[in-house]
Every structure is written in structure tokens, then in C-alpha cells.
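**Student:** So I've got this file, model-v8.cif, and it contains mmCIF, C-alpha atoms:
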data_start
loop_
_atom_site.label_atom_id
_atom_site.label_comp_id
_atom_site.auth_asym_id
_atom_site.auth_seq_id
_atom_site.Cartn_x
_atom_site.Cartn_y
_atom_site.Cartn_z
CA MET A 1457 -12.88 16.20 -1.58
CA ILE A 1458 -12.08 14.32 1.64
CA TYR A 1459 -13.87 10.98 1.80
CA GLN A 1460 -14.27 9.04 5.06
CA GLU A 1461 -15.56 5.74 6.44
CA GLU A 1462 -15.78 4.14 9.87
CA TYR A 1463 -13.85 0.95 10.50
CA LYS A 1464 -13.92 -1.53 13.40
CA ILE A 1465 -10.88 -3.76 13.96
CA GLY A 1466 -11.80 -7.46 13.86
CA VAL A 1467 -10.02 -10.49 15.29
CA ARG A 1468 -8.26 -11.35 12.02
CA GLY A 1469 -6.82 -7.85 11.93
CA VAL A 1470 -4.68 -8.12 15.06
CA GLU A 1471 -1.53 -9.94 16.16
CA LYS A 1472 0.40 -10.17 19.44
CA ASN A 1473 -0.91 -8.01 22.29
CA ASN A 1474 -4.11 -7.53 20.26
CA LEU A 1475 -2.44 -4.76 18.21
CA ILE A 1476 -3.51 -4.10 14.63
CA ARG A 1477 -1.37 -5.77 11.97
CA ASN A 1478 0.48 -3.66 9.43
CA LYS A 1479 -1.22 -5.72 6.72
CA THR A 1480 -4.62 -4.79 8.17
CA ILE A 1481 -3.67 -1.11 8.03
CA LEU A 1482 -2.79 -1.36 4.33
CA GLU A 1483 -6.02 -3.28 3.66
CA MET A 1484 -8.01 -0.57 5.44
CA LEU A 1485 -6.33 2.21 3.44
CA GLU A 1486 -6.73 0.34 0.17
CA ASP A 1487 -10.41 -0.31 0.86
CA ILE A 1488 -11.20 3.35 1.50
CA ALA A 1489 -9.32 4.34 -1.65
CA CYS A 1490 -11.54 1.93 -3.60
CA TYR A 1491 -14.71 3.18 -1.90
CA HIS A 1492 -13.78 6.75 -2.78
CA ALA A 1493 -13.14 5.72 -6.38
CA ASP A 1494 -16.53 3.95 -6.42
CA SER A 1495 -18.25 7.14 -5.27
CA ILE A 1496 -16.89 9.23 -8.15
CA GLY A 1497 -17.36 6.74 -10.99
CA TYR A 1498 -13.87 5.27 -11.23
CA GLY A 1499 -14.29 2.19 -9.04
CA ILE A 1500 -13.99 -1.53 -9.66
CA LEU A 1501 -17.59 -1.89 -10.88
CA ASP A 1502 -17.06 1.00 -13.31
CA ILE A 1503 -14.20 -0.69 -15.18
CA VAL A 1504 -16.57 -2.29 -17.71
CA LYS A 1505 -17.59 1.26 -18.72
CA THR A 1506 -14.41 3.32 -18.19
CA ARG A 1507 -12.03 0.60 -19.46
CA VAL A 1508 -9.41 1.74 -16.96
CA SER A 1509 -8.23 0.25 -13.67
CA TRP A 1510 -6.14 1.71 -10.83
CA VAL A 1511 -2.67 0.25 -10.30
CA LEU A 1512 -0.66 1.04 -7.17
CA LEU A 1513 2.98 2.19 -7.49
CA GLU A 1514 3.97 3.29 -3.96
CA TRP A 1515 3.01 3.08 -0.28
CA LYS A 1516 4.32 5.22 2.58
CA VAL A 1517 2.64 4.74 5.95
CA LYS A 1518 3.49 5.89 9.49
CA ILE A 1519 1.79 4.47 12.59
CA ILE A 1520 1.78 7.14 15.32
CA LYS A 1521 -0.29 5.20 17.85
CA ARG A 1522 -1.21 1.58 17.14
CA PRO A 1523 -4.89 0.73 17.74
CA THR A 1524 -6.10 -2.58 19.20
CA TYR A 1525 -8.83 -5.17 18.63
CA GLY A 1526 -12.37 -3.82 18.73
CA GLU A 1527 -11.44 -0.15 18.35
CA LYS A 1528 -13.64 1.98 16.12
CA LEU A 1529 -11.68 4.19 13.75
CA VAL A 1530 -12.44 6.96 11.28
CA VAL A 1531 -10.45 6.60 8.06
CA LYS A 1532 -10.10 9.55 5.66
CA THR A 1533 -8.65 9.81 2.16
CA TRP A 1534 -8.27 12.42 -0.55
CA ALA A 1535 -6.52 12.91 -3.87
CA ARG A 1536 -3.78 15.50 -4.37
CA ASP A 1537 -1.06 16.28 -6.89
CA ILE A 1538 -2.54 14.74 -10.01
CA ARG A 1539 0.08 14.72 -12.74
CA LYS A 1540 -0.05 13.71 -16.40
CA ALA A 1541 -0.13 9.98 -15.62
CA THR A 1542 -0.05 9.64 -11.81
CA ILE A 1543 -2.08 10.62 -8.78
CA TYR A 1544 -1.08 10.90 -5.13
CA ARG A 1545 -3.69 9.76 -2.59
CA ASP A 1546 -3.25 10.54 1.12
CA TYR A 1547 -4.80 9.10 4.28
CA GLU A 1548 -5.46 9.90 7.93
CA VAL A 1549 -6.81 7.53 10.59
CA TYR A 1550 -8.36 8.79 13.83
CA ASN A 1551 -9.38 6.89 16.97
CA LYS A 1552 -12.62 7.44 18.90
CA GLN A 1553 -10.89 10.15 21.00
CA GLY A 1554 -10.24 12.09 17.81
CA GLU A 1555 -6.48 11.51 17.92
CA LEU A 1556 -4.60 11.22 14.62
CA ILE A 1557 -2.99 7.77 14.89
CA ILE A 1558 -1.96 6.80 11.33
CA ILE A 1559 -0.94 8.79 8.26
CA GLY A 1560 -0.20 7.56 4.78
CA THR A 1561 0.35 8.46 1.17
CA SER A 1562 0.27 6.41 -2.01
CA LYS A 1563 0.93 6.81 -5.71
CA TRP A 1564 -1.29 5.34 -8.45
CA VAL A 1565 -1.67 5.18 -12.21
CA LEU A 1566 -4.68 4.39 -14.39
CA VAL A 1567 -4.13 1.51 -16.80
CA ASN A 1568 -6.21 0.86 -19.91
CA ILE A 1569 -7.42 -2.73 -19.55
CA ASP A 1570 -7.66 -3.20 -23.33
CA THR A 1571 -4.10 -2.10 -24.16
CA SER A 1572 -2.37 -2.63 -20.76
CA LYS A 1573 -0.87 0.84 -21.22
CA ILE A 1574 -0.95 3.75 -18.78
CA ALA A 1575 -3.91 6.05 -19.38
CA LYS A 1576 -3.64 9.83 -19.19
CA MET A 1577 -5.25 11.61 -16.22
CA ASP A 1578 -7.65 13.71 -18.30
CA GLU A 1579 -9.81 16.61 -17.11
CA LYS A 1580 -12.72 14.25 -16.39
CA VAL A 1581 -10.61 12.26 -13.92
CA VAL A 1582 -9.22 15.42 -12.30
CA SER A 1583 -12.60 17.08 -11.83
CA ALA A 1584 -14.18 13.91 -10.41
CA HIS A 1585 -11.57 13.76 -7.62
CA LYS A 1586 -11.95 17.40 -6.48
CA ILE A 1587 -8.28 17.74 -5.58
CA GLU A 1588 -7.20 18.76 -2.07
CA GLU A 1589 -3.96 20.65 -1.36
CA LYS A 1590 -3.62 18.96 2.04
CA CYS A 1591 -0.66 16.58 2.43
CA ALA A 1592 -0.44 13.88 5.12
CA PHE A 1593 3.36 14.15 5.34
CA LYS A 1594 5.52 17.27 5.29
CA GLU A 1595 7.18 15.99 2.11
CA ARG A 1596 4.93 15.99 -0.95
CA GLU A 1597 7.11 13.47 -2.78
CA ILE A 1598 7.74 9.87 -1.70
CA GLU A 1599 11.46 9.40 -1.20
CA LYS A 1600 13.30 6.59 -2.95
CA ILE A 1601 14.11 3.47 -0.93
CA GLU A 1602 17.85 3.14 -0.46
CA GLU A 1603 18.97 -0.45 -0.92
CA PRO A 1604 21.86 -2.14 0.93
CA THR A 1605 24.94 -3.17 -1.01
CA SER A 1606 24.53 -6.79 0.11
CA PHE A 1607 21.74 -9.07 1.30
CA MET A 1608 21.91 -11.59 4.15
CA GLN A 1609 19.38 -14.26 3.20
CA THR A 1610 16.90 -15.21 0.49
CA LEU A 1611 13.41 -16.71 0.60
CA GLU A 1612 11.98 -18.37 -2.53
CA TYR A 1613 8.24 -18.36 -3.19
CA THR A 1614 5.95 -19.48 -6.01
CA VAL A 1615 2.84 -17.35 -6.48
CA GLN A 1616 -0.31 -19.31 -5.56
CA LYS A 1617 -3.97 -19.02 -6.64
CA ARG A 1618 -4.83 -17.45 -3.29
CA ASP A 1619 -2.49 -14.53 -4.07
CA ILE A 1620 -4.24 -13.44 -7.28
CA ASP A 1621 -6.57 -10.41 -7.42
CA PHE A 1622 -9.22 -9.24 -9.92
CA ASN A 1623 -6.48 -7.90 -12.23
CA ASN A 1624 -4.96 -11.43 -12.43
CA HIS A 1625 -1.86 -10.18 -10.59
CA MET A 1626 -0.52 -10.97 -7.14
CA HIS A 1627 -2.40 -8.57 -4.88
CA ASN A 1628 -0.18 -5.67 -3.80
CA ILE A 1629 -0.67 -6.14 -0.04
CA TYR A 1630 0.46 -9.79 -0.14
CA TYR A 1631 4.00 -8.60 -0.85
CA LEU A 1632 4.07 -7.43 2.76
CA ASP A 1633 3.40 -11.04 3.81
CA LEU A 1634 6.39 -12.13 1.73
CA ALA A 1635 8.52 -9.40 3.28
CA ASN A 1636 7.59 -10.54 6.80
CA ASP A 1637 8.41 -14.14 5.91
CA ALA A 1638 11.81 -13.03 4.61
CA LEU A 1639 12.73 -11.25 7.85
CA PRO A 1640 15.10 -13.05 10.24
CA THR A 1641 13.13 -14.36 13.23
CA GLU A 1642 14.79 -12.00 15.70
CA VAL A 1643 13.99 -9.00 13.47
CA TYR A 1644 10.37 -10.07 13.02
CA ASN A 1645 9.95 -10.60 16.77
CA ASN A 1646 11.09 -7.03 17.44
CA GLY A 1647 8.08 -5.73 15.53
CA PRO A 1648 5.55 -4.52 14.78
CA TYR A 1649 7.32 -1.73 12.91
CA ASN A 1650 5.73 1.69 12.57
CA ASN A 1651 7.04 2.85 9.20
CA ILE A 1652 6.24 1.07 5.93
CA ARG A 1653 7.53 1.88 2.44
CA ILE A 1654 6.71 -0.24 -0.60
CA THR A 1655 7.65 0.40 -4.23
CA TYR A 1656 6.10 -1.71 -7.00
CA LYS A 1657 7.99 -2.13 -10.27
CA LYS A 1658 6.41 -5.05 -12.11
CA ALA A 1659 3.35 -7.25 -11.61
CA THR A 1660 3.69 -10.87 -10.52
CA LYS A 1661 1.36 -13.55 -11.90
CA LEU A 1662 0.20 -17.05 -10.98
CA GLY A 1663 3.04 -19.56 -10.99
CA ASP A 1664 5.83 -16.97 -11.02
CA LYS A 1665 8.79 -17.77 -8.80
CA VAL A 1666 10.07 -14.85 -6.74
CA PHE A 1667 13.16 -14.39 -4.58
CA CYS A 1668 12.85 -12.26 -1.42
CA LYS A 1669 16.27 -10.93 -0.35
CA TYR A 1670 16.68 -9.39 3.10
CA GLY A 1671 19.21 -6.72 4.02
CA GLU A 1672 19.62 -3.86 6.49
CA ILE A 1673 20.79 -0.27 6.14
CA GLU A 1674 20.80 2.42 8.85
CA ASN A 1675 18.37 0.47 11.07
CA LYS A 1676 15.95 0.06 8.18
CA HIS A 1677 14.98 -3.45 7.11
CA ILE A 1678 14.88 -3.85 3.32
CA ILE A 1679 13.33 -6.74 1.42
CA LYS A 1680 13.92 -6.79 -2.32
CA ILE A 1681 11.55 -9.10 -4.19
CA ASN A 1682 12.78 -10.16 -7.62
CA GLY A 1683 11.39 -12.41 -10.32
CA MET A 1684 13.55 -14.67 -12.43
CA ILE A 1685 14.70 -11.62 -14.41
CA ASN A 1686 13.09 -8.36 -13.26
CA LYS A 1687 12.82 -6.54 -9.94
CA MET A 1688 9.22 -6.70 -8.75
CA VAL A 1689 8.91 -4.94 -5.37
CA THR A 1690 11.03 -3.31 -2.67
CA VAL A 1691 9.72 -3.18 0.92
CA GLN A 1692 11.22 -1.10 3.75
CA ILE A 1693 10.13 -1.29 7.39
CA ASN A 1694 11.54 0.37 10.48
#
As C-alpha cells, what does this structure read like?
**Tutor:**
Amino acid sequence: MIYQEEYKIGVRGVEKNNLIRNKTILEMLEDIACYHADSIGYGILDIVKTRVSWVLLEWKVKIIKRPTYGEKLVVKTWARDIRKATIYRDYEVYNKQGELIIIGTSKWVLVNIDTSKIAKMDEKVVSAHKIEEKCAFKEREIEKIEEPTSFMQTLEYTVQKRDIDFNNHMHNIYYLDLANDALPTEVYNNGPYNNIRITYKKATKLGDKVFCKYGEIENKHIIKINGMINKMVTVQIN
């Protein structure tokens, strides 16, 4: 089943030249994923009954044509390739002329909130999603982010109350803010960048100190976000 919503870009969603922020794009895609989940009984308000919550593992987004402030968009999402413990969810965004301007894919797991363990995608979950074969990208799998052998600079950050979501973790989209802060000024000023890849490894909680290391490989800008011990997130933009 393909689910869709209309979206109008507000003033907080744009940056220089009134172009939509990459963060706004991720927020828009995340919102429609949640609305779709709400509509089939696996949304945020259903957690008290289902005892499971969605956790994001991967983002891959390509901006074909960047929309501007005030534009009305149609955002579509659907589930495909449900596996034993994971589900791929894809996205398309169209402008008012009907042009496809943004595509994306993401990878999720269901986590049991009582045990904090990954829950199996049973037949009830599969049937509720009404799986589509359609794939936003030519590749059905999300490729691994290649990391540079060395990093040029490091930004330290302590997770604040404002970063925490309803799962008591740092919200997944805020890692893109950290990645932007870790970019050298000249690299940041050359943006906005039209390709975004994010891989999540471990949740970050209130008070955790993280280290955002910037490097570059084959014209791709890589930000590796580590905790005191474990790797948390890797972000790639180009």
C-alpha cells in the first residue's frame, strides 16, 4: 500500500536562498513513515498495546530538484522487502507540477519495549503493511558507507535534554545537525548537498559525550560519530 500526505514548506524548514534544509527533508520523510504506521495500527499511540516501537537503522536520500519555501509537496511512502527482523521503507516526493524531486529509502526494526530486544516481523505486521514491490532506487539494498583511513578534525558534544525523543534516545535526525557542525566551514558553505546516507549503530542517551570526526573520501564527506567506547552513527553527504 502506498500512503501519501501533502506537505507545505514553512519558514523554519529552509536555509540560504530559501531552499529546503536536508534536515527538513528527513523530518518530512520520518513524519510520513509514522503517519503510515499510525494508519495500520503500529504507530506511536499503539505502543501501549503492541509493546513494540520502530527503530531506524539506515537512511539513503537523493534530492533531484530542491524545493523552496512555501511550495506544496506530495510525499509518498510504502513498505517493501520485509525480512525476518527488518523492513525497508521507501519514499517519493513530488512538487505541484507532478515532478519527482526527492527519493529515499530507509531500514527499520521493531523493538520490544519491555525487553529492549528486536521483535520478529510476524505475519500480522507483514499483512498490515500490504507490501509493494516498487523500489525508489535501482538498488534494493543500501550500500555500506566507506570510511576514510584518517580523519581531519573532531567535534565534541554532550547530548542535551532538547535532543531526547519519546524513546529516551537522541532523536535520529539530530545526528545530521552534529554532522553539519563537524564539517569544515568551507565544506559546509559549498552545500546544500543532494545525497545523504546515515547508518545508526547504537543509541545515544542524555548526558552522553560524543566525538564527531570528519574525513573525506572520493568527494564524499564522512562524519563518524562515536561515544566514549562504541561507534554510534556514520553520516555521508555529497
**Student:** Starting from the displayed file, determine the output of the PyMOL selection byres ((chain A and resi 1693) around 6) and express the residue list as a PyMOL selection string.
**Tutor:** chain A and resi 1651-1652+1677+1692+1694
**Student:** Excluding Arg1545 (chain A) and its own-chain neighbours fewer than 4 positions away, which residues fall within 12 Å of it when counting all atoms listed in the file? Please give them as an mmCIF file with C-alpha atoms, keeping the file's coordinate frame.
**Tutor:**
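Dumped to out-v8.cif:
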data_model
loop_
_atom_site.group_PDB
_atom_site.id
_atom_site.type_symbol
_atom_site.label_atom_id
_atom_site.label_comp_id
_atom_site.auth_asym_id
_atom_site.auth_seq_id
_atom_site.Cartn_x
_atom_site.Cartn_y
_atom_site.Cartn_z
ATOM 1 C CA MET A 1457 -12.880 16.200 -1.580
ATOM 2 C CA ILE A 1458 -12.080 14.320 1.640
ATOM 3 C CA TYR A 1459 -13.870 10.980 1.800
ATOM 4 C CA LEU A 1485 -6.330 2.210 3.440
ATOM 5 C CA GLU A 1486 -6.730 0.340 0.170
ATOM 6 C CA ILE A 1488 -11.200 3.350 1.500
ATOM 7 C CA ALA A 1489 -9.320 4.340 -1.650
ATOM 8 C CA CYS A 1490 -11.540 1.930 -3.600
ATOM 9 C CA HIS A 1492 -13.780 6.750 -2.780
ATOM 10 C CA ALA A 1493 -13.140 5.720 -6.380
ATOM 11 C CA TRP A 1510 -6.140 1.710 -10.830
ATOM 12 C CA LEU A 1512 -0.660 1.040 -7.170
ATOM 13 C CA LEU A 1513 2.980 2.190 -7.490
ATOM 14 C CA GLU A 1514 3.970 3.290 -3.960
ATOM 15 C CA TRP A 1515 3.010 3.080 -0.280
ATOM 16 C CA LYS A 1516 4.320 5.220 2.580
ATOM 17 C CA VAL A 1517 2.640 4.740 5.950
ATOM 18 C CA LYS A 1532 -10.100 9.550 5.660
ATOM 19 C CA THR A 1533 -8.650 9.810 2.160
ATOM 20 C CA TRP A 1534 -8.270 12.420 -0.550
ATOM 21 C CA ALA A 1535 -6.520 12.910 -3.870
ATOM 22 C CA ARG A 1536 -3.780 15.500 -4.370
ATOM 23 C CA ASP A 1537 -1.060 16.280 -6.890
ATOM 24 C CA ILE A 1538 -2.540 14.740 -10.010
ATOM 25 C CA ARG A 1539 0.080 14.720 -12.740
ATOM 26 C CA ILE A 1559 -0.940 8.790 8.260
ATOM 27 C CA GLY A 1560 -0.200 7.560 4.780
ATOM 28 C CA THR A 1561 0.350 8.460 1.170
ATOM 29 C CA SER A 1562 0.270 6.410 -2.010
ATOM 30 C CA LYS A 1563 0.930 6.810 -5.710
ATOM 31 C CA TRP A 1564 -1.290 5.340 -8.450
ATOM 32 C CA VAL A 1565 -1.670 5.180 -12.210
ATOM 33 C CA HIS A 1585 -11.570 13.760 -7.620
ATOM 34 C CA LYS A 1586 -11.950 17.400 -6.480
ATOM 35 C CA ILE A 1587 -8.280 17.740 -5.580
ATOM 36 C CA GLU A 1588 -7.200 18.760 -2.070
ATOM 37 C CA GLU A 1589 -3.960 20.650 -1.360
ATOM 38 C CA LYS A 1590 -3.620 18.960 2.040
ATOM 39 C CA CYS A 1591 -0.660 16.580 2.430
ATOM 40 C CA ALA A 1592 -0.440 13.880 5.120
ATOM 41 C CA PHE A 1593 3.360 14.150 5.340
ATOM 42 C CA ARG A 1596 4.930 15.990 -0.950
ATOM 43 C CA GLU A 1597 7.110 13.470 -2.780
ATOM 44 C CA ILE A 1598 7.740 9.870 -1.700
#
**Student:** Translate the PyMOL selection byres ((chain A and resi 1518-1526) around 12) into a concrete residue list for this structure, as a PyMOL selection string.
**Tutor:** chain A and resi 1463-1478+1480-1482+1515-1517+1527-1530+1546-1553+1555-1562+1592-1593+1647-1653+1692-1694
**Student:** Any chance you could resolve the PyMOL selection byres ((chain A and resi 1602-1618) around 12) against this file and give the residues as a VMD selection string?
**Tutor:** chain A and resid 1599 to 1601 1619 to 1622 1624 to 1627 1630 to 1631 1633 to 1641 1653 to 1655 1659 to 1684 1689 to 1693
**Student:** Extract, using only C-alpha atoms, all DNA, RNA and protein residues at most 12 Å from region 1501-1505 of chain A, discarding same-chain residues fewer than 2 positions from it, and format them as a ChimeraX atom specification.
**Tutor:** /A:1490-1491,1493-1499,1507-1510,1566-1570,1622-1623
**Student:** Write the residues you've just listed into a file as a short mmCIF file (atom, residue, chain, number, x, y, z; two decimals), keeping the file's coordinate frame, and include C-alpha atoms for each of them.
**Tutor:**
data_model
loop_
_atom_site.label_atom_id
_atom_site.label_comp_id
_atom_site.auth_asym_id
_atom_site.auth_seq_id
_atom_site.Cartn_x
_atom_site.Cartn_y
_atom_site.Cartn_z
CA CYS A 1490 -11.54 1.93 -3.60
CA TYR A 1491 -14.71 3.18 -1.90
CA ALA A 1493 -13.14 5.72 -6.38
CA ASP A 1494 -16.53 3.95 -6.42
CA SER A 1495 -18.25 7.14 -5.27
CA ILE A 1496 -16.89 9.23 -8.15
CA GLY A 1497 -17.36 6.74 -10.99
CA TYR A 1498 -13.87 5.27 -11.23
CA GLY A 1499 -14.29 2.19 -9.04
CA ARG A 1507 -12.03 0.60 -19.46
CA VAL A 1508 -9.41 1.74 -16.96
CA SER A 1509 -8.23 0.25 -13.67
CA TRP A 1510 -6.14 1.71 -10.83
CA LEU A 1566 -4.68 4.39 -14.39
CA VAL A 1567 -4.13 1.51 -16.80
CA ASN A 1568 -6.21 0.86 -19.91
CA ILE A 1569 -7.42 -2.73 -19.55
CA ASP A 1570 -7.66 -3.20 -23.33
CA PHE A 1622 -9.22 -9.24 -9.92
CA ASN A 1623 -6.48 -7.90 -12.23
#
**Student:** Can you work out the spacing between CA of Lys1658 (chain A) and CA of Lys1573 (chain A) in Å, to one decimal?
**Tutor:** 13.1 Å
**Student:** Could you give me the centre and size, in Å to one decimal, of an axis-aligned box around all listed atoms of region 1545-1559 of chain A with 6 Å added on every side, as JSON?
**Tutor:**
{"center_x": -6.8, "center_y": 9.4, "center_z": 9.2, "size_x": 23.7, "size_y": 17.3, "size_z": 35.6}
**Student:** How many Å separate CA of Ser1572 (chain A) from CA of Ala1541 (chain A)?
**Tutor:**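 That distance, rounded to one decimal, is 13.8 Å.
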**Student:** What separation in Å, quoted to one decimal, exists between CA of Gln1460 (chain A) and CA of Val1531 (chain A)?
**Tutor:**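 Result for CA of Gln1460 (chain A) versus CA of Val1531 (chain A): 5.4 Å, one decimal.
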